[in-house]
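Here is data.cif, consisting of mmCIF, C-alpha atoms:
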data_coords
#
loop_
_atom_site.label_atom_id
_atom_site.label_comp_id
_atom_site.auth_asym_id
_atom_site.auth_seq_id
_atom_site.Cartn_x
_atom_site.Cartn_y
_atom_site.Cartn_z
CA MET S 740 31.43 64.08 200.65
CA LYS S 741 28.79 61.44 200.38
CA LYS S 742 30.26 59.18 203.03
CA MET S 743 30.26 61.97 205.58
CA ALA S 744 26.60 62.74 204.82
CA ALA S 745 25.63 59.06 204.91
CA LEU S 746 27.27 58.53 208.31
CA ARG S 747 25.61 61.69 209.60
CA ALA S 748 22.20 60.43 208.50
CA TYR S 749 22.88 57.06 210.10
CA LEU S 750 23.96 58.56 213.43
CA GLU S 751 20.86 60.77 213.45
CA SER S 752 18.68 57.73 212.75
CA THR S 753 19.83 56.01 215.96
CA ASN S 754 17.65 58.47 217.94
CA CYS S 755 20.22 58.56 220.75
CA PHE S 756 20.26 62.35 220.76
CA HIS S 757 18.21 65.29 219.50
CA LYS S 758 19.24 66.72 216.13
CA ASN S 759 19.89 70.15 217.62
CA GLN S 760 22.62 68.56 219.80
CA PHE S 761 24.46 67.32 216.70
CA ASP S 762 26.75 69.00 214.21
CA ALA S 763 29.13 67.76 211.53
CA TRP S 764 31.70 69.42 209.30
CA VAL S 765 34.67 68.71 207.04
CA GLU S 766 38.30 69.68 207.56
CA ASN S 767 41.54 69.28 205.60
CA ILE S 768 40.20 68.43 202.16
CA GLU S 769 42.89 67.14 199.81
CA GLN S 770 42.16 66.30 196.20
CA THR S 771 44.42 64.26 193.97
CA SER S 772 43.79 64.54 190.22
CA ARG S 773 43.48 61.23 188.42
CA GLY S 774 42.12 61.76 184.87
CA LYS S 775 41.80 58.01 184.34
CA PHE S 776 39.40 56.82 181.62
CA GLU S 777 37.41 53.78 182.79
CA GLY S 778 35.22 52.72 179.90
CA ASN S 779 32.25 55.06 179.79
CA ARG S 780 33.39 57.36 182.60
CA VAL S 781 36.45 59.13 183.97
CA LEU S 782 37.88 58.93 187.46
CA LEU S 783 38.47 62.67 187.76
CA TYR S 784 39.98 62.90 191.24
CA THR S 785 40.17 61.33 194.66
CA SER S 786 39.11 63.41 197.63
CA GLU S 787 40.45 62.73 201.11
CA TYR S 788 39.03 64.63 204.05
CA ARG S 789 38.60 64.60 207.79
CA ALA S 790 34.98 64.43 208.96
CA VAL S 791 34.15 65.76 212.41
CA TYR S 792 30.94 64.87 214.26
CA SER S 793 30.03 66.63 217.49
CA ILE S 794 27.30 65.64 219.92
CA GLU S 795 26.57 67.91 222.87
CA ARG S 796 25.04 66.64 226.10
CA TYR S 797 24.96 62.99 225.01
CA ALA S 798 22.99 61.00 227.60
CA PHE S 799 25.48 58.18 228.14
CA CYS S 800 23.52 56.76 231.09
CA LYS S 801 20.57 56.10 228.79
CA TYR S 802 22.59 55.26 225.66
CA PRO S 803 25.97 53.77 226.62
CA ILE S 804 28.96 55.15 224.76
CA GLU S 805 30.03 51.56 224.05
CA LEU S 806 26.78 51.02 222.13
CA PHE S 807 27.30 54.27 220.23
CA HIS S 808 30.88 53.25 219.39
CA ALA S 809 29.76 49.77 218.30
CA ARG S 810 27.20 51.30 215.94
CA LEU S 811 29.85 53.59 214.48
CA ILE S 812 32.35 50.78 213.93
CA THR S 813 29.79 48.41 212.38
CA TRP S 814 28.50 51.16 210.04
CA LEU S 815 32.05 51.78 208.87
CA ALA S 816 32.63 48.04 208.37
CA ASP S 817 29.48 47.77 206.24
CA ASN S 818 29.83 51.02 204.29
CA ASP S 819 33.48 52.02 203.92
CA ASP S 820 36.51 49.99 202.87
CA ARG S 821 39.18 51.46 205.13
CA SER S 822 41.83 48.79 204.51
CA GLU S 823 44.06 51.02 202.33
CA MET S 824 43.82 54.14 204.49
CA ASP S 825 46.63 55.47 206.67
CA GLU S 826 44.21 56.59 209.40
CA LYS S 827 41.76 53.67 209.57
CA GLU S 828 40.38 54.15 213.05
CA PRO S 829 38.03 56.92 214.13
CA GLN S 830 39.14 59.06 217.06
CA ILE S 831 36.52 59.57 219.78
CA ALA S 832 36.94 62.22 222.47
CA VAL S 833 34.52 62.11 225.40
CA ASP S 834 34.24 65.09 227.75
CA LEU S 835 32.14 64.15 230.79
CA LEU S 836 29.90 67.05 231.81
CA ASP S 837 28.24 65.37 234.79
CA ASP S 838 27.08 61.92 235.92
CA GLU S 839 24.68 61.54 232.99
CA THR S 840 25.89 63.56 230.01
CA ALA S 841 29.01 64.08 227.94
CA ASP S 842 30.13 65.96 224.88
CA ILE S 843 31.41 63.58 222.20
CA GLU S 844 33.59 64.46 219.23
CA ILE S 845 34.36 61.90 216.55
CA THR S 846 36.97 62.53 213.87
CA LEU S 847 37.79 60.19 211.03
CA MET S 848 39.23 60.25 207.56
CA PHE S 849 37.23 59.45 204.46
CA GLU S 850 38.42 58.88 200.91
CA GLU S 851 36.10 59.12 197.90
CA ASP S 852 36.61 58.84 194.16
CA VAL S 853 34.83 61.43 192.02
CA TYR S 854 33.73 60.33 188.56
CA ILE S 855 32.28 62.08 185.54
CA ALA S 856 30.33 60.50 182.69
CA PRO S 857 29.42 61.91 179.26
CA ILE S 858 25.96 63.48 179.17
CA GLU S 859 24.83 65.79 176.35
CA THR S 860 23.45 68.40 178.72
CA GLY S 861 26.12 68.00 181.41
CA PRO S 862 27.49 71.09 183.18
CA ILE S 863 31.18 70.10 182.73
CA GLU S 864 33.15 70.56 179.50
CA TYR S 865 36.04 68.16 179.05
CA ALA S 866 37.83 66.67 176.04
CA GLY S 867 35.33 68.19 173.62
CA GLN S 868 32.30 66.67 175.36
CA ARG S 869 29.74 67.55 178.03
CA TRP S 870 29.97 65.60 181.29
CA ALA S 871 28.18 65.31 184.63
CA LEU S 872 29.19 63.90 187.99
CA ASP S 873 28.59 60.17 188.14
CA ASP S 874 28.18 57.79 191.04
CA PRO S 875 30.58 54.89 190.84
CA ASP S 876 28.82 51.65 190.06
CA TYR S 877 30.42 48.31 189.88
CA ASP S 878 29.65 45.60 187.37
CA VAL S 879 29.63 42.21 189.04
CA ALA S 880 30.12 39.17 186.85
CA GLU S 881 27.40 36.62 187.43
CA SER S 882 29.12 33.97 185.35
CA PHE S 883 32.09 33.51 183.03
CA ASP S 884 33.49 31.06 180.51
CA LEU S 885 37.11 30.03 180.90
CA VAL S 886 38.69 29.39 177.53
CA ASP S 887 41.99 27.57 177.19
CA ARG S 888 44.12 29.40 174.61
CA ASN S 889 45.74 26.10 173.62
CA GLU S 890 42.53 24.50 172.41
#
Take the structure from the file and write it as structure tokens.
Amino acid sequence: MKKMAALRAYLESTNCFHKNQFDAWVENIEQTSRGKFEGNRVLLYTSEYRAVYSIERYAFCKYPIELFHARLITWLADNDDRSEMDEKEPQIAVDLLDDETADIEITLMFEEDVYIAPIETGPIEYAGQRWALDDPDYDVAESFDLVDRNE
């Protein structure tokens, strides 16, 4: 649930509220087994879950909700490819408490792949080897040679 934790850290870093006003949790975790070998690692499963963020007594007069929402949307655009998801948009519920504060609840779906890689001292036994959780990394080609098969 790295995406949930990363968004939590980002929202806290905006300094628009005190940390004791803020809570976050996960609901409805669904895991789909994959078992797909990808070179030197295995895509073990995909986890889909609903993340809930709650801010009590948010001072919307000082920090407009539109600014908060814009920060949320731009963080998602920069950090989470939501194009394949059924529920792409976050849901934001605002409960006005008075003329200056509101309780805000944000719910959104996240999807994350979980990989393992072979490591001699890893805590996971699979296919006769020891494995450990692995962060997905992506190899980006910096150049290539196109070869015509008819040459």
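Each of S:Asp874, S:Glu839, S:Asp834, S:Glu766 was checked against Val853 of chain S using all atoms listed in the file; the smallest atom-to-atom distance is that of S:Asp874.
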Exercise for review: Any chance you could resolve the PyMOL selection byres ((chain S and resi 756) around 10) against this file and give the residues as number ranges by chain?
Suggested key: S: 750-755, 757-761, 794-799, 802
Practice item. Dig up all the protein and nucleic acid residues within 10 Å of (42.9, 63.4, 192.1) in the file frame, using all atoms listed in the file, and format them as a list in words. Key: Glu769, Gln770, Thr771, Ser772, Arg773, Gly774, Lys775, Leu782, Leu783, Tyr784, Thr785, Ser786, Glu787, Glu851, Asp852 and Val853 of chain S
Pick out the residues sitting within 12 Å of Ala856 of chain S, and hand them over as a compact mmCIF listing (two decimals) with C-alpha atoms, in the coordinates of the input; count all atoms listed in the file, and ignore anything fewer than 2 positions along from it in its own chain.
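As a result, result_38.txt now contains:
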# COMPACT_ATOMS: atom_id res chain seq x y z
CA LYS S 775 41.80 58.01 184.34
CA PHE S 776 39.40 56.82 181.62
CA GLU S 777 37.41 53.78 182.79
CA GLY S 778 35.22 52.72 179.90
CA ASN S 779 32.25 55.06 179.79
CA ARG S 780 33.39 57.36 182.60
CA VAL S 781 36.45 59.13 183.97
CA LEU S 782 37.88 58.93 187.46
CA LEU S 783 38.47 62.67 187.76
CA VAL S 853 34.83 61.43 192.02
CA TYR S 854 33.73 60.33 188.56
CA ILE S 858 25.96 63.48 179.17
CA GLU S 859 24.83 65.79 176.35
CA THR S 860 23.45 68.40 178.72
CA GLY S 861 26.12 68.00 181.41
CA PRO S 862 27.49 71.09 183.18
CA ILE S 863 31.18 70.10 182.73
CA GLU S 864 33.15 70.56 179.50
CA TYR S 865 36.04 68.16 179.05
CA ALA S 866 37.83 66.67 176.04
CA GLN S 868 32.30 66.67 175.36
CA ARG S 869 29.74 67.55 178.03
CA TRP S 870 29.97 65.60 181.29
CA ALA S 871 28.18 65.31 184.63
CA LEU S 872 29.19 63.90 187.99
CA ASP S 873 28.59 60.17 188.14
CA ASP S 874 28.18 57.79 191.04
CA PRO S 875 30.58 54.89 190.84
CA ASP S 876 28.82 51.65 190.06
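Of the residues under consideration (S:Ile812, S:Cys800, S:Ala841, S:Met848), S:Met848 shows the shortest atom-to-atom contact distance to Val765 of chain S when counting all atoms listed in the file.
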Review point. Smallest atom-to-atom distance to Met824 of chain S: which of S:Leu746, S:Ala809, S:Leu847, S:Ile804, using all atoms listed in the file?
Key: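 When distances to Met824 of chain S are compared using all atoms listed in the file, the smallest one comes from S:Leu847.
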Review point. How many Å lie between atom CA of Trp764 of chain S and atom CA of Ile843 of chain S, rounded to one decimal?
Key: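 Distance reported for this atom pair: 14.2 Å.
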Exercise for review: Quote the spacing between atom CA of Phe807 of chain S and atom CA of Glu823 of chain S in Å to one decimal place.
Suggested key: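 The value is 24.7 Å.
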Applied to the shown file, which residues does the PyMOL selection byres ((chain S and resi 830) around 6) return, written as a PDB file with C-alpha atoms, in the frame of the given file?
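Resulting contents of out-v7.pdb:
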ATOM      1  CA  PRO S 829      38.030  56.920 214.130  1.00  0.00           C
ATOM      2  CA  ILE S 831      36.520  59.570 219.780  1.00  0.00           C
ATOM      3  CA  ILE S 845      34.360  61.900 216.550  1.00  0.00           C
ATOM      4  CA  THR S 846      36.970  62.530 213.870  1.00  0.00           C
TER       5      THR S 846
END
Draw an axis-aligned box over all listed atoms of segment 802-810 of chain S, pad each side with 8 Å, and write its centre and edge lengths in Å, one decimal, as JSON.
{"center_x": 26.7, "center_y": 52.5, "center_z": 221.3, "size_x": 24.3, "size_y": 21.5, "size_z": 26.7}
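Shortest separation to Ala745 of chain S among S:Asp819, S:Lys801, S:Ile855, S:Val833 occurs at residue S:Asp819, atoms counted being only C-alpha atoms.
Relative to atom CA of Met740 of chain S, atom CA of Ala790 of chain S is found at 9.0 Å.
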Practice item. Between S:Leu806, S:Ala748, S:Leu811, S:Met743, single out the one closest to Arg789 of chain S, counting only C-alpha atoms. Key: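 Closest residue, counting only C-alpha atoms: S:Met743.
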